[in-house]
file upload17.cif (mmCIF, C-alpha atoms, pLDDT in the B column; chains and numbers go by the auth columns)
data_work
loop_
_atom_site.group_PDB
_atom_site.id
_atom_site.type_symbol
_atom_site.label_atom_id
_atom_site.label_comp_id
_atom_site.label_asym_id
_atom_site.label_seq_id
_atom_site.Cartn_x
_atom_site.Cartn_y
_atom_site.Cartn_z
_atom_site.B_iso_or_equiv
_atom_site.auth_seq_id
_atom_site.auth_asym_id
ATOM 1 C CA MET A 1 27.241 21.185 29.744 40.00 1 B
ATOM 2 C CA SER A 2 28.775 19.462 32.743 40.00 2 B
ATOM 3 C CA ALA A 3 30.134 16.531 30.749 42.00 3 B
ATOM 4 C CA ALA A 4 32.269 18.680 28.472 45.00 4 B
ATOM 5 C CA ALA A 5 36.003 19.039 28.861 45.00 5 B
ATOM 6 C CA PRO A 6 37.097 22.473 30.163 45.00 6 B
ATOM 7 C CA ALA A 7 37.058 25.134 27.468 44.00 7 B
ATOM 8 C CA SER A 8 39.857 27.597 27.007 44.00 8 B
ATOM 9 C CA PRO A 9 38.760 30.639 29.021 45.00 9 B
ATOM 10 C CA ALA A 10 39.932 32.949 26.255 46.00 10 B
ATOM 11 C CA HIS A 11 37.644 31.282 23.709 46.00 11 B
ATOM 12 C CA PRO A 12 34.547 30.029 25.524 46.00 12 B
ATOM 13 C CA ARG A 13 32.581 29.602 22.294 47.00 13 B
ATOM 14 C CA ARG A 14 34.809 26.791 21.121 48.00 14 B
ATOM 15 C CA ALA A 15 32.589 23.731 20.879 53.00 15 B
ATOM 16 C CA ILE A 16 33.784 20.519 22.399 61.00 16 B
ATOM 17 C CA ARG A 17 32.605 17.040 21.612 67.00 17 B
ATOM 18 C CA PRO A 18 30.468 15.862 24.504 69.00 18 B
ATOM 19 C CA VAL A 19 32.101 13.096 26.508 66.00 19 B
ATOM 20 C CA GLY A 20 30.507 10.779 29.013 67.00 20 B
ATOM 21 C CA SER A 21 27.106 10.300 27.395 82.00 21 B
ATOM 22 C CA ARG A 22 26.833 8.026 24.411 86.00 22 B
ATOM 23 C CA LEU A 23 23.474 9.492 23.362 88.00 23 B
ATOM 24 C CA GLU A 24 24.802 13.061 23.428 90.00 24 B
ATOM 25 C CA LEU A 25 27.866 12.063 21.430 92.00 25 B
ATOM 26 C CA TRP A 26 25.688 10.422 18.787 94.00 26 B
ATOM 27 C CA SER A 27 23.397 13.449 18.794 95.00 27 B
ATOM 28 C CA TRP A 28 26.394 15.753 18.358 95.00 28 B
ATOM 29 C CA TYR A 29 27.641 13.825 15.333 96.00 29 B
ATOM 30 C CA TYR A 30 24.118 13.448 13.955 97.00 30 B
ATOM 31 C CA PHE A 31 23.624 17.227 13.902 97.00 31 B
ATOM 32 C CA ARG A 32 26.755 17.601 11.829 97.00 32 B
ATOM 33 C CA VAL A 33 26.280 14.683 9.420 98.00 33 B
ATOM 34 C CA SER A 34 22.576 15.409 8.803 98.00 34 B
ATOM 35 C CA GLY A 35 23.387 19.131 8.649 98.00 35 B
ATOM 36 C CA VAL A 36 25.878 18.694 5.816 98.00 36 B
ATOM 37 C CA LEU A 37 23.418 16.507 3.862 98.00 37 B
ATOM 38 C CA LEU A 38 20.621 19.004 4.524 98.00 38 B
ATOM 39 C CA LEU A 39 22.833 21.793 3.214 97.00 39 B
ATOM 40 C CA LEU A 40 22.636 20.154 -0.220 97.00 40 B
ATOM 41 C CA LEU A 41 19.048 18.862 -0.012 98.00 41 B
ATOM 42 C CA ALA A 42 17.410 21.866 1.642 98.00 42 B
ATOM 43 C CA PHE A 43 19.266 24.558 -0.337 98.00 43 B
ATOM 44 C CA GLY A 44 18.504 22.571 -3.503 97.00 44 B
ATOM 45 C CA HIS A 45 14.839 22.307 -2.546 98.00 45 B
ATOM 46 C CA MET A 46 14.638 26.052 -1.826 97.00 46 B
ATOM 47 C CA ALA A 47 16.303 26.908 -5.138 96.00 47 B
ATOM 48 C CA ILE A 48 13.989 24.627 -7.149 96.00 48 B
ATOM 49 C CA MET A 49 10.710 25.381 -5.357 95.00 49 B
ATOM 50 C CA HIS A 50 11.121 29.059 -4.417 94.00 50 B
ATOM 51 C CA ILE A 51 13.397 30.609 -7.060 93.00 51 B
ATOM 52 C CA ILE A 52 13.436 28.534 -10.271 93.00 52 B
ATOM 53 C CA ASN A 53 9.742 27.744 -9.690 93.00 53 B
ATOM 54 C CA ASN A 54 7.519 29.451 -7.154 91.00 54 B
ATOM 55 C CA VAL A 55 4.079 29.097 -5.582 91.00 55 B
ATOM 56 C CA ASP A 56 2.467 30.592 -8.702 91.00 56 B
ATOM 57 C CA ALA A 57 3.656 27.517 -10.619 92.00 57 B
ATOM 58 C CA ILE A 58 3.283 24.921 -7.892 95.00 58 B
ATOM 59 C CA ASP A 59 -0.107 23.226 -7.988 95.00 59 B
ATOM 60 C CA TYR A 60 -1.459 19.689 -7.930 96.00 60 B
ATOM 61 C CA ARG A 61 -0.255 18.974 -11.459 96.00 61 B
ATOM 62 C CA PHE A 62 3.239 20.225 -10.618 96.00 62 B
ATOM 63 C CA VAL A 63 3.462 17.792 -7.697 97.00 63 B
ATOM 64 C CA ALA A 64 1.993 14.962 -9.782 96.00 64 B
ATOM 65 C CA GLU A 65 4.479 15.511 -12.633 96.00 65 B
ATOM 66 C CA ARG A 66 7.383 15.752 -10.207 96.00 66 B
ATOM 67 C CA TRP A 67 6.463 12.599 -8.319 97.00 67 B
ATOM 68 C CA ARG A 68 6.170 10.559 -11.530 96.00 68 B
ATOM 69 C CA THR A 69 9.955 10.424 -11.166 96.00 69 B
ATOM 70 C CA VAL A 70 10.973 8.050 -8.382 97.00 70 B
ATOM 71 C CA GLY A 71 14.194 10.017 -7.899 98.00 71 B
ATOM 72 C CA TRP A 72 12.269 13.097 -6.738 98.00 72 B
ATOM 73 C CA ARG A 73 10.281 10.989 -4.281 98.00 73 B
ATOM 74 C CA VAL A 74 13.566 9.657 -2.887 98.00 74 B
ATOM 75 C CA TYR A 75 14.985 13.205 -2.723 98.00 75 B
ATOM 76 C CA ASP A 76 11.885 14.513 -0.944 98.00 76 B
ATOM 77 C CA TRP A 77 11.763 11.597 1.487 98.00 77 B
ATOM 78 C CA LEU A 78 15.444 12.014 2.407 98.00 78 B
ATOM 79 C CA LEU A 79 14.817 15.718 2.951 98.00 79 B
ATOM 80 C CA LEU A 80 11.746 14.921 5.063 98.00 80 B
ATOM 81 C CA PHE A 81 13.595 12.361 7.180 98.00 81 B
ATOM 82 C CA LEU A 82 16.755 14.403 7.726 98.00 82 B
ATOM 83 C CA ALA A 83 14.935 17.685 8.391 98.00 83 B
ATOM 84 C CA LEU A 84 12.487 16.152 10.869 98.00 84 B
ATOM 85 C CA THR A 85 15.137 14.195 12.780 98.00 85 B
ATOM 86 C CA HIS A 86 17.642 17.103 12.799 98.00 86 B
ATOM 87 C CA GLY A 87 14.883 19.437 13.994 98.00 87 B
ATOM 88 C CA GLN A 88 13.595 16.987 16.595 98.00 88 B
ATOM 89 C CA ASN A 89 17.114 16.677 17.963 97.00 89 B
ATOM 90 C CA GLY A 90 17.323 20.462 18.168 98.00 90 B
ATOM 91 C CA LEU A 91 14.001 20.724 19.995 98.00 91 B
ATOM 92 C CA ARG A 92 15.215 18.021 22.401 97.00 92 B
ATOM 93 C CA ILE A 93 18.247 20.165 23.295 96.00 93 B
ATOM 94 C CA ILE A 94 16.049 23.248 23.689 97.00 94 B
ATOM 95 C CA ILE A 95 13.674 21.368 26.027 97.00 95 B
ATOM 96 C CA ASP A 96 16.683 20.270 28.104 94.00 96 B
ATOM 97 C CA ASP A 97 17.927 23.859 28.253 95.00 97 B
ATOM 98 C CA TYR A 98 14.745 25.661 29.220 96.00 98 B
ATOM 99 C CA LEU A 99 12.403 23.215 30.971 95.00 99 B
ATOM 100 C CA HIS A 100 13.631 22.325 34.422 93.00 100 B
ATOM 101 C CA ARG A 101 10.644 20.879 36.281 94.00 101 B
ATOM 102 C CA PRO A 102 10.604 17.110 35.745 94.00 102 B
ATOM 103 C CA PRO A 103 6.905 16.713 34.813 95.00 103 B
ATOM 104 C CA TRP A 104 7.128 19.458 32.170 96.00 104 B
ATOM 105 C CA ARG A 105 10.359 18.056 30.810 96.00 105 B
ATOM 106 C CA ALA A 106 8.908 14.566 30.538 96.00 106 B
ATOM 107 C CA ALA A 107 5.750 15.847 28.860 98.00 107 B
ATOM 108 C CA ALA A 108 7.698 17.993 26.401 98.00 108 B
ATOM 109 C CA HIS A 109 10.125 15.203 25.506 97.00 109 B
ATOM 110 C CA THR A 110 7.235 12.796 24.975 98.00 110 B
ATOM 111 C CA ALA A 111 5.384 15.312 22.790 98.00 111 B
ATOM 112 C CA ASN A 112 8.569 15.952 20.806 98.00 112 B
ATOM 113 C CA TRP A 113 9.048 12.244 20.051 98.00 113 B
ATOM 114 C CA LEU A 114 5.357 11.816 19.224 98.00 114 B
ATOM 115 C CA LEU A 115 5.477 14.750 16.795 98.00 115 B
ATOM 116 C CA LEU A 116 8.487 13.196 15.057 98.00 116 B
ATOM 117 C CA VAL A 117 6.782 9.827 14.650 98.00 117 B
ATOM 118 C CA LEU A 118 3.482 11.379 13.574 98.00 118 B
ATOM 119 C CA PHE A 119 4.935 13.735 10.953 98.00 119 B
ATOM 120 C CA LEU A 120 7.412 11.164 9.666 98.00 120 B
ATOM 121 C CA LEU A 121 4.504 8.763 9.165 98.00 121 B
ATOM 122 C CA LEU A 122 2.266 11.340 7.501 98.00 122 B
ATOM 123 C CA GLY A 123 5.058 12.565 5.219 98.00 123 B
ATOM 124 C CA THR A 124 6.117 9.030 4.301 98.00 124 B
ATOM 125 C CA VAL A 125 2.546 7.956 3.538 98.00 125 B
ATOM 126 C CA THR A 126 2.130 11.075 1.355 98.00 126 B
ATOM 127 C CA ILE A 127 5.326 10.541 -0.634 98.00 127 B
ATOM 128 C CA VAL A 128 4.997 6.761 -0.995 98.00 128 B
ATOM 129 C CA THR A 129 1.262 6.281 -1.652 98.00 129 B
ATOM 130 C CA PHE A 130 0.497 9.309 -3.869 97.00 130 B
ATOM 131 C CA GLN A 131 -0.896 8.153 -7.231 95.00 131 B
ATOM 132 C CA PRO A 132 -0.469 10.707 -10.023 92.00 132 B
ATOM 133 C CA PRO A 133 -3.443 10.905 -12.390 88.00 133 B
ATOM 134 C CA PRO A 134 -2.813 9.498 -15.901 83.00 134 B
ATOM 135 C CA PRO A 135 -0.818 11.995 -18.036 70.00 135 B
ATOM 136 C CA ARG A 136 -2.846 14.275 -20.275 64.00 136 B
ATOM 137 C CA MET B 1 29.613 33.660 30.447 46.00 1 T
ATOM 138 C CA LEU B 2 29.477 37.402 31.060 53.00 2 T
ATOM 139 C CA SER B 3 31.997 38.033 28.308 59.00 3 T
ATOM 140 C CA TYR B 4 30.122 35.705 25.966 64.00 4 T
ATOM 141 C CA ARG B 5 26.589 37.060 26.152 70.00 5 T
ATOM 142 C CA GLY B 6 26.042 39.979 23.799 70.00 6 T
ATOM 143 C CA ARG B 7 29.052 39.239 21.598 82.00 7 T
ATOM 144 C CA GLU B 8 28.862 38.221 17.913 85.00 8 T
ATOM 145 C CA ALA B 9 28.972 34.488 18.632 88.00 9 T
ATOM 146 C CA TYR B 10 26.154 34.862 21.149 92.00 10 T
ATOM 147 C CA TRP B 11 23.896 36.459 18.553 94.00 11 T
ATOM 148 C CA ALA B 12 24.833 33.762 16.044 95.00 12 T
ATOM 149 C CA TRP B 13 23.950 31.110 18.659 95.00 13 T
ATOM 150 C CA LEU B 14 20.619 32.796 19.399 96.00 14 T
ATOM 151 C CA LEU B 15 19.772 33.243 15.713 97.00 15 T
ATOM 152 C CA HIS B 16 20.700 29.615 15.058 98.00 16 T
ATOM 153 C CA ARG B 17 18.204 28.545 17.708 97.00 17 T
ATOM 154 C CA LEU B 18 15.425 30.882 16.566 98.00 18 T
ATOM 155 C CA SER B 19 15.869 30.060 12.872 98.00 19 T
ATOM 156 C CA GLY B 20 15.902 26.345 13.714 98.00 20 T
ATOM 157 C CA VAL B 21 12.632 26.559 15.641 98.00 21 T
ATOM 158 C CA GLY B 22 11.059 28.718 12.922 98.00 22 T
ATOM 159 C CA VAL B 23 12.013 26.328 10.126 98.00 23 T
ATOM 160 C CA MET B 24 10.775 23.365 12.184 98.00 24 T
ATOM 161 C CA LEU B 25 7.383 25.022 12.743 98.00 25 T
ATOM 162 C CA PHE B 26 7.055 25.646 9.018 98.00 26 T
ATOM 163 C CA LEU B 27 8.134 22.073 8.308 98.00 27 T
ATOM 164 C CA PHE B 28 5.197 20.745 10.365 98.00 28 T
ATOM 165 C CA LEU B 29 2.817 22.964 8.397 98.00 29 T
ATOM 166 C CA HIS B 30 4.471 21.962 5.114 98.00 30 T
ATOM 167 C CA VAL B 31 4.086 18.220 5.795 98.00 31 T
ATOM 168 C CA LEU B 32 0.393 18.869 6.483 98.00 32 T
ATOM 169 C CA ASP B 33 -0.194 20.958 3.344 97.00 33 T
ATOM 170 C CA THR B 34 1.666 18.481 1.126 97.00 34 T
ATOM 171 C CA SER B 35 -0.382 15.576 2.524 98.00 35 T
ATOM 172 C CA LEU B 36 -3.446 17.265 0.971 97.00 36 T
ATOM 173 C CA VAL B 37 -2.319 15.976 -2.466 97.00 37 T
ATOM 174 C CA LEU B 38 -3.701 12.628 -1.312 97.00 38 T
ATOM 175 C CA PHE B 39 -7.193 14.188 -1.315 97.00 39 T
ATOM 176 C CA GLY B 40 -7.063 15.540 -4.858 95.00 40 T
ATOM 177 C CA PRO B 41 -6.408 18.826 -6.678 96.00 41 T
ATOM 178 C CA GLU B 42 -9.155 20.876 -4.967 96.00 42 T
ATOM 179 C CA ALA B 43 -7.979 20.046 -1.449 96.00 43 T
ATOM 180 C CA TYR B 44 -4.321 20.769 -2.273 96.00 44 T
ATOM 181 C CA GLU B 45 -4.883 23.982 -4.188 94.00 45 T
ATOM 182 C CA MET B 46 -7.272 25.357 -1.580 94.00 46 T
ATOM 183 C CA PHE B 47 -4.239 25.485 0.715 93.00 47 T
ATOM 184 C CA VAL B 48 -1.564 26.506 -1.795 94.00 48 T
ATOM 185 C CA PHE B 49 -3.844 29.438 -2.662 94.00 49 T
ATOM 186 C CA LEU B 50 -2.971 30.856 0.776 94.00 50 T
ATOM 187 C CA TYR B 51 0.753 30.677 0.052 95.00 51 T
ATOM 188 C CA ARG B 52 0.191 32.895 -3.016 94.00 52 T
ATOM 189 C CA ALA B 53 -1.020 35.836 -0.917 93.00 53 T
ATOM 190 C CA PRO B 54 1.537 38.707 -0.800 92.00 54 T
ATOM 191 C CA LEU B 55 1.848 38.389 3.007 95.00 55 T
ATOM 192 C CA PHE B 56 2.875 34.745 2.636 95.00 56 T
ATOM 193 C CA ARG B 57 5.323 35.639 -0.135 95.00 57 T
ATOM 194 C CA VAL B 58 7.086 37.939 2.329 96.00 58 T
ATOM 195 C CA LEU B 59 7.015 35.257 5.054 97.00 59 T
ATOM 196 C CA GLU B 60 8.448 32.878 2.449 97.00 60 T
ATOM 197 C CA VAL B 61 11.464 35.188 2.106 97.00 61 T
ATOM 198 C CA GLY B 62 11.802 35.046 5.913 98.00 62 T
ATOM 199 C CA LEU B 63 11.800 31.259 5.657 98.00 63 T
ATOM 200 C CA ALA B 64 14.550 31.407 3.028 98.00 64 T
ATOM 201 C CA ALA B 65 16.581 33.704 5.299 98.00 65 T
ATOM 202 C CA ALA B 66 16.142 31.308 8.233 98.00 66 T
ATOM 203 C CA VAL B 67 17.163 28.223 6.213 98.00 67 T
ATOM 204 C CA LEU B 68 20.112 30.052 4.660 98.00 68 T
ATOM 205 C CA PHE B 69 21.431 31.469 7.923 98.00 69 T
ATOM 206 C CA HIS B 70 20.952 28.180 9.791 98.00 70 T
ATOM 207 C CA GLY B 71 22.853 26.269 7.101 98.00 71 T
ATOM 208 C CA LEU B 72 25.730 28.731 6.721 98.00 72 T
ATOM 209 C CA ASN B 73 26.127 29.214 10.467 98.00 73 T
ATOM 210 C CA GLY B 74 26.091 25.411 10.777 98.00 74 T
ATOM 211 C CA VAL B 75 29.053 25.262 8.396 97.00 75 T
ATOM 212 C CA ARG B 76 30.851 27.819 10.588 96.00 76 T
ATOM 213 C CA ILE B 77 30.213 25.675 13.679 95.00 77 T
ATOM 214 C CA ILE B 78 31.460 22.532 11.922 95.00 78 T
ATOM 215 C CA VAL B 79 34.642 24.287 10.781 94.00 79 T
ATOM 216 C CA ILE B 80 35.321 25.505 14.334 92.00 80 T
ATOM 217 C CA ASP B 81 34.666 22.002 15.688 91.00 81 T
ATOM 218 C CA PHE B 82 36.854 20.082 13.293 90.00 82 T
ATOM 219 C CA VAL B 83 39.708 22.464 12.536 89.00 83 T
ATOM 220 C CA ALA B 84 42.396 22.129 15.189 82.00 84 T
ATOM 221 C CA ASP B 85 43.111 25.472 16.866 83.00 85 T
ATOM 222 C CA ALA B 86 40.340 27.330 15.074 80.00 86 T
ATOM 223 C CA ALA B 87 40.356 30.045 17.735 80.00 87 T
ATOM 224 C CA PRO B 88 42.183 32.651 15.595 87.00 88 T
ATOM 225 C CA LEU B 89 39.745 31.890 12.779 89.00 89 T
ATOM 226 C CA GLN B 90 36.634 32.781 14.790 90.00 90 T
ATOM 227 C CA ARG B 91 36.377 36.380 13.681 91.00 91 T
ATOM 228 C CA PRO B 92 37.154 35.876 9.962 93.00 92 T
ATOM 229 C CA LEU B 93 34.781 32.901 9.939 94.00 93 T
ATOM 230 C CA MET B 94 32.014 35.038 11.372 95.00 94 T
ATOM 231 C CA TYR B 95 32.579 37.688 8.696 95.00 95 T
ATOM 232 C CA ALA B 96 32.676 34.975 6.015 96.00 96 T
ATOM 233 C CA THR B 97 29.372 33.553 7.258 97.00 97 T
ATOM 234 C CA TRP B 98 27.588 36.884 7.107 97.00 98 T
ATOM 235 C CA THR B 99 29.169 37.772 3.766 98.00 99 T
ATOM 236 C CA ALA B 100 28.032 34.465 2.263 98.00 100 T
ATOM 237 C CA PHE B 101 24.588 35.042 3.772 98.00 101 T
ATOM 238 C CA LEU B 102 24.204 38.471 2.179 98.00 102 T
ATOM 239 C CA VAL B 103 25.656 37.383 -1.163 98.00 103 T
ATOM 240 C CA LEU B 104 23.143 34.534 -1.403 98.00 104 T
ATOM 241 C CA PHE B 105 20.172 36.082 0.388 98.00 105 T
ATOM 242 C CA LEU B 106 19.889 39.447 -1.379 97.00 106 T
ATOM 243 C CA PRO B 107 19.579 38.040 -4.926 96.00 107 T
ATOM 244 C CA ALA B 108 17.355 35.204 -3.657 97.00 108 T
ATOM 245 C CA ALA B 109 15.020 37.685 -1.937 96.00 109 T
ATOM 246 C CA PHE B 110 14.902 39.788 -5.102 94.00 110 T
ATOM 247 C CA LEU B 111 14.092 36.780 -7.286 94.00 111 T
ATOM 248 C CA MET B 112 11.429 35.590 -4.847 95.00 112 T
ATOM 249 C CA LEU B 113 9.681 38.948 -4.460 94.00 113 T
ATOM 250 C CA ARG B 114 9.936 40.133 -8.058 91.00 114 T
ATOM 251 C CA PRO B 115 6.940 38.154 -9.372 88.00 115 T
ATOM 252 C CA VAL B 116 4.735 39.608 -6.625 87.00 116 T
ATOM 253 C CA PHE B 117 5.778 43.236 -6.342 86.00 117 T
ATOM 254 C CA PHE B 118 7.658 44.218 -9.503 82.00 118 T
ATOM 255 C CA PRO B 119 7.028 41.561 -12.153 78.00 119 T
ATOM 256 C CA THR B 120 8.848 43.291 -14.999 75.00 120 T
ATOM 257 C CA LEU B 121 11.901 44.599 -13.179 74.00 121 T
ATOM 258 C CA GLY B 122 15.175 43.313 -14.563 67.00 122 T
ATOM 259 C CA LEU B 123 13.525 41.283 -17.300 67.00 123 T
ATOM 260 C CA LEU B 124 13.806 42.026 -21.015 56.00 124 T
ATOM 261 C CA ARG B 125 10.617 40.992 -22.718 50.00 125 T
#
call {"tool": "encode", "arguments": {"input": "upload17.cif", "output": "structure tokens"}}
result
Amino acid sequence: MSAAAPASPAHPRRAIRPVGSRLELWSWYYFRVSGVLLLLLAFGHMAIMHIINNVDAIDYRFVAERWRTVGWRVYDWLLLFLALTHGQNGLRIIIDDYLHRPPWRAAAHTANWLLLVLFLLLGTVTIVTFQPPPPR
Amino acid sequence: MLSYRGREAYWAWLLHRLSGVGVMLFLFLHVLDTSLVLFGPEAYEMFVFLYRAPLFRVLEVGLAAAVLFHGLNGVRIIVIDFVADAAPLQRPLMYATWTAFLVLFLPAAFLMLRPVFFPTLGLLR
């Protein structure tokens, strides 16, 4: 990264906050802030849905019962938002690293933003508008 | 660069990238499958049925490994970034990351695969 301050030659891995580009600085902090939140939300989600429960137990009724509680909808939406935006940011960096020809870069960046908007919309509509059937 | 490629931190960097892309691909699929709840029980369970196949249960463990590694390696990166003069800590931090990964992953993998492949193992009934 050309904008970075010179790294110590003995320890080239040492990460350095990007300087010079406001977007890259925000992106750098966003990875870390969203990452820490995702550590709690995603590990919690994995523990609940893959260990304490698992796909044998997860069916339509499971989702309906869970989403009767607004708190779980909030949890799931936060997880959706943070995971999609953290991942989109990662894909953006990967596109910058590996795609060099301008038309491909532009197309990939556009697709990456479109995917974020599309999946954020679909996920939000799912979590917000789902109507559980009346309890039995 | 020559001294970097092929060393432990390089493999951690590469695995961070690969696990990130893998989790993101699954996330797209997962948003799609969850959206099926809007179309009723039959639509949703038609898809979840797939996830119950033994092959998917193994892939699910791969997903857990990817999420776990990505998260723990992320913590390592954050510590290196925010601790002043973390250079001498690089090696112990790398060992700590992999130790934490194994300590969490091995029991998790066992608990996830037990219902599919050895449902009575370790349970007193």
call {"tool": "residues_around", "arguments": {"input": "upload17.cif", "residues": "Met46 in chain B", "least_positions_apart": "3", "cutoff": "10 Å", "atoms": "all atoms listed in the file", "output": "list in words"}}
result
Leu41, Ala42, Phe43, Met49, His50, Ile51, Ile52, Asn53 and Asn54 of chain B; Leu63, Ala64, Val67, Leu68 and Ala108 of chain T
call {"tool": "closest_residue", "arguments": {"input": "upload17.cif", "among": "T:Ala96, T:Leu121, T:Ala53, T:Leu111", "to": "chain B", "atoms": "only C-alpha atoms"}}
result
T:Leu111
call {"tool": "closest_atom_pairs", "arguments": {"input": "upload17.cif", "of": "chain B", "to": "chain T", "cutoff": "10 Å", "atoms": "all atoms listed in the file", "output": "JSON lines"}}
result
{"residue": "B:Ser8", "atom": "CA", "partner": "T:Ala87", "partner_atom": "CA", "distance": 9.6}
{"residue": "B:Pro9", "atom": "CA", "partner": "T:Met1", "partner_atom": "CA", "distance": 9.7}
{"residue": "B:Ala10", "atom": "CA", "partner": "T:Ala87", "partner_atom": "CA", "distance": 9.0}
{"residue": "B:His11", "atom": "CA", "partner": "T:Ala87", "partner_atom": "CA", "distance": 6.7}
{"residue": "B:Pro12", "atom": "CA", "partner": "T:Tyr4", "partner_atom": "CA", "distance": 7.2}
{"residue": "B:Arg13", "atom": "CA", "partner": "T:Ala9", "partner_atom": "CA", "distance": 7.1}
{"residue": "B:Arg14", "atom": "CA", "partner": "T:Ile80", "partner_atom": "CA", "distance": 6.9}
{"residue": "B:Ala15", "atom": "CA", "partner": "T:Asp81", "partner_atom": "CA", "distance": 5.9}
{"residue": "B:Ile16", "atom": "CA", "partner": "T:Asp81", "partner_atom": "CA", "distance": 6.9}
{"residue": "B:Arg17", "atom": "CA", "partner": "T:Asp81", "partner_atom": "CA", "distance": 8.0}
{"residue": "B:Phe31", "atom": "CA", "partner": "T:Gly74", "partner_atom": "CA", "distance": 9.1}
{"residue": "B:Arg32", "atom": "CA", "partner": "T:Ile78", "partner_atom": "CA", "distance": 6.8}
{"residue": "B:Val33", "atom": "CA", "partner": "T:Ile78", "partner_atom": "CA", "distance": 9.7}
{"residue": "B:Gly35", "atom": "CA", "partner": "T:Gly74", "partner_atom": "CA", "distance": 7.2}
{"residue": "B:Val36", "atom": "CA", "partner": "T:Val75", "partner_atom": "CA", "distance": 7.7}
{"residue": "B:Leu38", "atom": "CA", "partner": "T:Gly71", "partner_atom": "CA", "distance": 8.0}
{"residue": "B:Leu39", "atom": "CA", "partner": "T:Gly71", "partner_atom": "CA", "distance": 5.9}
{"residue": "B:Leu40", "atom": "CA", "partner": "T:Gly71", "partner_atom": "CA", "distance": 9.5}
{"residue": "B:Ala42", "atom": "CA", "partner": "T:Val67", "partner_atom": "CA", "distance": 7.8}
{"residue": "B:Phe43", "atom": "CA", "partner": "T:Leu68", "partner_atom": "CA", "distance": 7.5}
{"residue": "B:Met46", "atom": "CA", "partner": "T:Ala64", "partner_atom": "CA", "distance": 7.2}
{"residue": "B:Ala47", "atom": "CA", "partner": "T:Ala108", "partner_atom": "CA", "distance": 8.5}
{"residue": "B:His50", "atom": "CA", "partner": "T:Met112", "partner_atom": "CA", "distance": 6.6}
{"residue": "B:Ile51", "atom": "CA", "partner": "T:Met112", "partner_atom": "CA", "distance": 5.8}
{"residue": "B:Ile52", "atom": "CA", "partner": "T:Leu111", "partner_atom": "CA", "distance": 8.8}
{"residue": "B:Asn53", "atom": "CA", "partner": "T:Met112", "partner_atom": "CA", "distance": 9.4}
{"residue": "B:Asn54", "atom": "CA", "partner": "T:Met112", "partner_atom": "CA", "distance": 7.6}
{"residue": "B:Val55", "atom": "CA", "partner": "T:Arg52", "partner_atom": "CA", "distance": 6.0}
{"residue": "B:Asp56", "atom": "CA", "partner": "T:Arg52", "partner_atom": "CA", "distance": 6.5}
{"residue": "B:Ala57", "atom": "CA", "partner": "T:Arg52", "partner_atom": "CA", "distance": 9.9}
{"residue": "B:Ile58", "atom": "CA", "partner": "T:Val48", "partner_atom": "CA", "distance": 7.9}
{"residue": "B:Asp59", "atom": "CA", "partner": "T:Glu45", "partner_atom": "CA", "distance": 6.1}
{"residue": "B:Tyr60", "atom": "CA", "partner": "T:Pro41", "partner_atom": "CA", "distance": 5.2}
{"residue": "B:Arg61", "atom": "CA", "partner": "T:Pro41", "partner_atom": "CA", "distance": 7.8}
{"residue": "B:Val63", "atom": "CA", "partner": "T:Val37", "partner_atom": "CA", "distance": 8.0}
{"residue": "B:Ala64", "atom": "CA", "partner": "T:Val37", "partner_atom": "CA", "distance": 8.6}
{"residue": "B:Leu80", "atom": "CA", "partner": "T:Val31", "partner_atom": "CA", "distance": 8.4}
{"residue": "B:Ala83", "atom": "CA", "partner": "T:Met24", "partner_atom": "CA", "distance": 8.0}
{"residue": "B:Leu84", "atom": "CA", "partner": "T:Met24", "partner_atom": "CA", "distance": 7.5}
{"residue": "B:His86", "atom": "CA", "partner": "T:Met24", "partner_atom": "CA", "distance": 9.3}
{"residue": "B:Gly87", "atom": "CA", "partner": "T:Met24", "partner_atom": "CA", "distance": 6.0}
{"residue": "B:Gln88", "atom": "CA", "partner": "T:Met24", "partner_atom": "CA", "distance": 8.3}
{"residue": "B:Gly90", "atom": "CA", "partner": "T:Gly20", "partner_atom": "CA", "distance": 7.5}
{"residue": "B:Leu91", "atom": "CA", "partner": "T:Val21", "partner_atom": "CA", "distance": 7.4}
{"residue": "B:Ile94", "atom": "CA", "partner": "T:Arg17", "partner_atom": "CA", "distance": 8.3}
{"residue": "B:Leu115", "atom": "CA", "partner": "T:Phe28", "partner_atom": "CA", "distance": 8.8}
{"residue": "B:Leu116", "atom": "CA", "partner": "T:Phe28", "partner_atom": "CA", "distance": 9.5}
{"residue": "B:Phe119", "atom": "CA", "partner": "T:Val31", "partner_atom": "CA", "distance": 6.9}
{"residue": "B:Leu120", "atom": "CA", "partner": "T:Val31", "partner_atom": "CA", "distance": 8.7}
{"residue": "B:Leu122", "atom": "CA", "partner": "T:Ser35", "partner_atom": "CA", "distance": 7.1}
{"residue": "B:Gly123", "atom": "CA", "partner": "T:Val31", "partner_atom": "CA", "distance": 5.8}
{"residue": "B:Thr124", "atom": "CA", "partner": "T:Ser35", "partner_atom": "CA", "distance": 9.4}
{"residue": "B:Val125", "atom": "CA", "partner": "T:Ser35", "partner_atom": "CA", "distance": 8.2}
{"residue": "B:Thr126", "atom": "CA", "partner": "T:Ser35", "partner_atom": "CA", "distance": 5.3}
{"residue": "B:Ile127", "atom": "CA", "partner": "T:Ser35", "partner_atom": "CA", "distance": 8.2}
{"residue": "B:Thr129", "atom": "CA", "partner": "T:Leu38", "partner_atom": "CA", "distance": 8.1}
{"residue": "B:Phe130", "atom": "CA", "partner": "T:Leu38", "partner_atom": "CA", "distance": 5.9}
{"residue": "B:Gln131", "atom": "CA", "partner": "T:Leu38", "partner_atom": "CA", "distance": 7.9}
{"residue": "B:Pro132", "atom": "CA", "partner": "T:Val37", "partner_atom": "CA", "distance": 9.4}
{"residue": "B:Pro133", "atom": "CA", "partner": "T:Gly40", "partner_atom": "CA", "distance": 9.6}
call {"tool": "atom_distance", "arguments": {"input": "upload17.cif", "atom1": "CA of Arg105 in chain B", "atom2": "CA of Arg92 in chain B"}}
result
9.7 Å
